[in-house]
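Right, one structure below, let's go through it.
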Amino acid sequence: MSIDTAKPLLAQLKAKFEAGDAAGGQDALSELKFLLLDFPPNSTEHWAVATQTLEYGALLAAGDGDVDGFSRNIAQLKPFYSNPEQTSPRKCHILGLNLMSLLVENRLSEFHAELELLSETEASDKFVSFPIQLERQLMVGIYDEVLSVSVPDASYQFFVDNLLQTVRDSIADCMEVSYKEMKIVNAMTMMKFDKQEELMTYIQECRDDWIIKGDTLCFQPPPSGHKASDVPSMDLISQSLAYATEMERIV
C-alpha cells in the first residue's frame with residue numbers, strides 16, 4: 001500500500017474528527033493503522049502521516065472518554081516523538097494530554113518522569129504548562145484554583161472533569177468531618193458549583209447520606225467513635241513520603 005492510499009484516509013480521519021464523528025473517525029483510524037504496518041522507516045513523508053494518524057487517534061480517544069484507547073495511541077506515538085530530526089506541530093498538545101491522564105490516575109512517578117524528558121520550550125508551552133501548574137496546585141492543596149481552572153483546549157475537558165470530581169470528593173470529606181451542618185449556599189461556594197441543581201445532583205450520586213433540611217445540609221456522624229485509631233495515619237504517612245520522594249528526586 002502506497003502513501004497515496006493513506007493520505008485520503010488521513011484527510012477523512014481529520015474531517016471525521018473535526019465533525020465530532022467518533023465512530024466514523026475510528027473506522028478511518030483502523031484502516032490507517034493497518035496501512036502503517038507497511039510504511040518504510042526513515043521516510044519523512046511516511047513519518048508525518050503516521051504521526052498525524054496516531055495524534056488524531058489520541059484526540060478521538062480523549063474526546064470519547066476512552067482511557068485505554070488514549071494510552072495505546074500515546075504508546076504508539078512515543079517512537080515517532082523520539083526522532084530528533086522530525087517534529088510535529090501538535091506534539092505539545094498531545095504531551096500535555098498525556099500528563100493530564102497521568103495526573104488524573106495519580107501516576108505521579110510517571111508524571112515526573114515525563115517532565116524530565118521535556119525541553120525547556122516544550123515545558124513552557126501552554127498545553128504542557130497547564131497540567132504542570134495543576135499538579136503544583138494539588139500538591140499544596142490550592143483546591144479553589146483547581147476548581148476554577150479553564151482548559152486550554154476542549155480535548156482536555158474529559159481529564160479535567162475527572163480531576164475536579166476527585167477534588168470535590170476531597171472537599172466533601174473535609175466538610176463532613178469539620179461541620180455538623182452547613183448552608184447550601186456555602187457548600188456551593190466551597191465546592192464551586194454554579195447552580196444548586198449541580199450540588200443536588202452531586203449529593204444524589206455521591207453523598208446520599210447527606211440530609212437536606214430547607215436551606216441547610218446536615219452531615220451524618222461517622223459510624224464509629226472519634227478515636228485516634230480511626231484516623232488513616234498510615235495512608236497519610238505513605239502519601240506524604242511519596243510526595244517527599246518525588247520532590248527529592250526532582251531537586
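Chain lettering (A, B, ...) mirrors the order of the C-alpha cells, residue numbering begins at 1 for each chain separately, and ligand numbering begins at 1 in order of display.
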(Q) Just want the 12 Å neighbourhood of range 66-72 of chain A, counted on only C-alpha atoms, with same-chain residues fewer than 5 positions away dropped. Output as a ChimeraX atom specification. (A) /A:22,26,29,54-61,77-78,94-95,97-102,104-105,155,158-159,162
Q. Got a sec to tell me which of range 19-218 of chain A DSSP assigns to alpha helix (DSSP H), as JSON, numbers by chain?
A. {"A": [22, 23, 24, 25, 26, 27, 28, 29, 30, 31, 32, 33, 34, 35, 36, 44, 45, 46, 47, 48, 49, 50, 51, 52, 53, 54, 55, 56, 57, 58, 59, 60, 61, 62, 63, 67, 68, 69, 70, 71, 72, 73, 74, 75, 76, 77, 78, 79, 80, 81, 91, 92, 93, 94, 95, 96, 97, 98, 99, 100, 101, 102, 103, 104, 108, 109, 110, 111, 112, 113, 114, 115, 116, 120, 121, 122, 123, 124, 126, 127, 128, 129, 130, 131, 132, 133, 134, 135, 136, 137, 138, 139, 143, 144, 145, 146, 147, 157, 158, 159, 160, 161, 162, 163, 164, 165, 166, 167, 168, 169, 170, 171, 172, 173, 174, 175, 176, 177, 178, 184, 185, 186, 187, 188, 189, 190, 191, 196, 197, 198, 199, 200, 201, 202, 203, 204, 205, 206]}
**Q.** Point-to-point distance in Å for CA of Lys213 in chain A and CA of Asp173 in chain A
**A.**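 Atom-to-atom, CA of Asp173 in chain A and CA of Lys213 in chain A are spaced 19.6 Å apart.
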Q. Where in range 63-220 of chain A does DSSP assign strand (DSSP E), given as a PyMOL selection string?
A. chain A and resi 181-183+211-213+216-218
Q | Within 8 Å of Leu103 in chain A using only C-alpha atoms, minus same-chain residues under 6 positions, as a ChimeraX atom specification | A | /A:111,131,135
(Q) Between CA of Glu197 in chain A and CA of Gly20 in chain A, what is the distance in Å, rounded to a tenth? (A) 28.4 Å
(Q) Using Å and a single decimal, report how far CA of Lys91 in chain A sits from CA of Glu120 in chain A. (A)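 Computing the Euclidean distance for CA of Glu120 in chain A and CA of Lys91 in chain A yields 14.1 Å.
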Q: Compare A:Asp4, A:Asp208, A:Asp144, A:Glu176 by their minimum atom-to-atom distance to Thr189 in chain A, counting only C-alpha atoms, and give me the closest one.
A: A:Asp144
Taking only residues of range 83-184 of chain A that have an atom at most 10 Å from an atom of range 41-52 of chain A, what is each one's shortest atom pair and its distance in Å to one decimal, using only C-alpha atoms, in chain and number order, as a tab-separated table?
```
residue	atom	partner	partner_atom	distance
A:Asn83	CA	A:Trp47	CA	9.7
A:Glu85	CA	A:Thr44	CA	9.3
A:Gln86	CA	A:Thr44	CA	7.6
A:Thr87	CA	A:Ala48	CA	8.7
A:Ser88	CA	A:Thr51	CA	7.6
A:Pro89	CA	A:Gln52	CA	9.7
A:Arg90	CA	A:Gln52	CA	8.4
A:Lys91	CA	A:Thr51	CA	9.3
```
Write the residues of the selection above to a file with N, CA and C atoms, as a compact mmCIF listing (two decimals), in the first residue's frame.
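Below you can see selection20.txt, which holds the result:
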```txt
# COMPACT_ATOMS: atom_id res chain seq x y z
N ASN A 83 12.16 10.92 17.63
CA ASN A 83 13.03 11.22 16.50
C ASN A 83 13.42 12.69 16.54
N GLU A 85 15.04 14.49 14.52
CA GLU A 85 15.07 15.15 13.22
C GLU A 85 13.68 15.48 12.70
N GLN A 86 12.65 15.01 13.40
CA GLN A 86 11.28 15.26 12.98
C GLN A 86 10.50 15.88 14.14
N THR A 87 9.60 16.75 13.81
CA THR A 87 8.77 17.36 14.85
C THR A 87 7.34 17.55 14.33
N SER A 88 6.41 17.51 15.25
CA SER A 88 5.00 17.68 14.90
C SER A 88 4.46 18.94 15.57
N PRO A 89 3.69 19.75 14.87
CA PRO A 89 3.13 20.96 15.49
C PRO A 89 2.12 20.65 16.59
N ARG A 90 1.65 19.41 16.63
CA ARG A 90 0.66 19.03 17.65
C ARG A 90 1.32 18.28 18.81
N LYS A 91 2.62 18.17 18.83
CA LYS A 91 3.31 17.37 19.84
C LYS A 91 3.03 17.84 21.26
```
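Shortest atom-to-atom contact with Asn73 in chain A among A:Lys33, A:Asp38, A:Glu181, A:Ala6: A:Lys33, counting only C-alpha atoms.
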**Q.** Shell around range 145-154 of chain A at 12 Å using only C-alpha atoms, local window under 6 positions removed, as a PyMOL selection string
**A.** chain A and resi 18+20+59-60+62-64+92-94+96-97+100+125-139+160-171+188-194
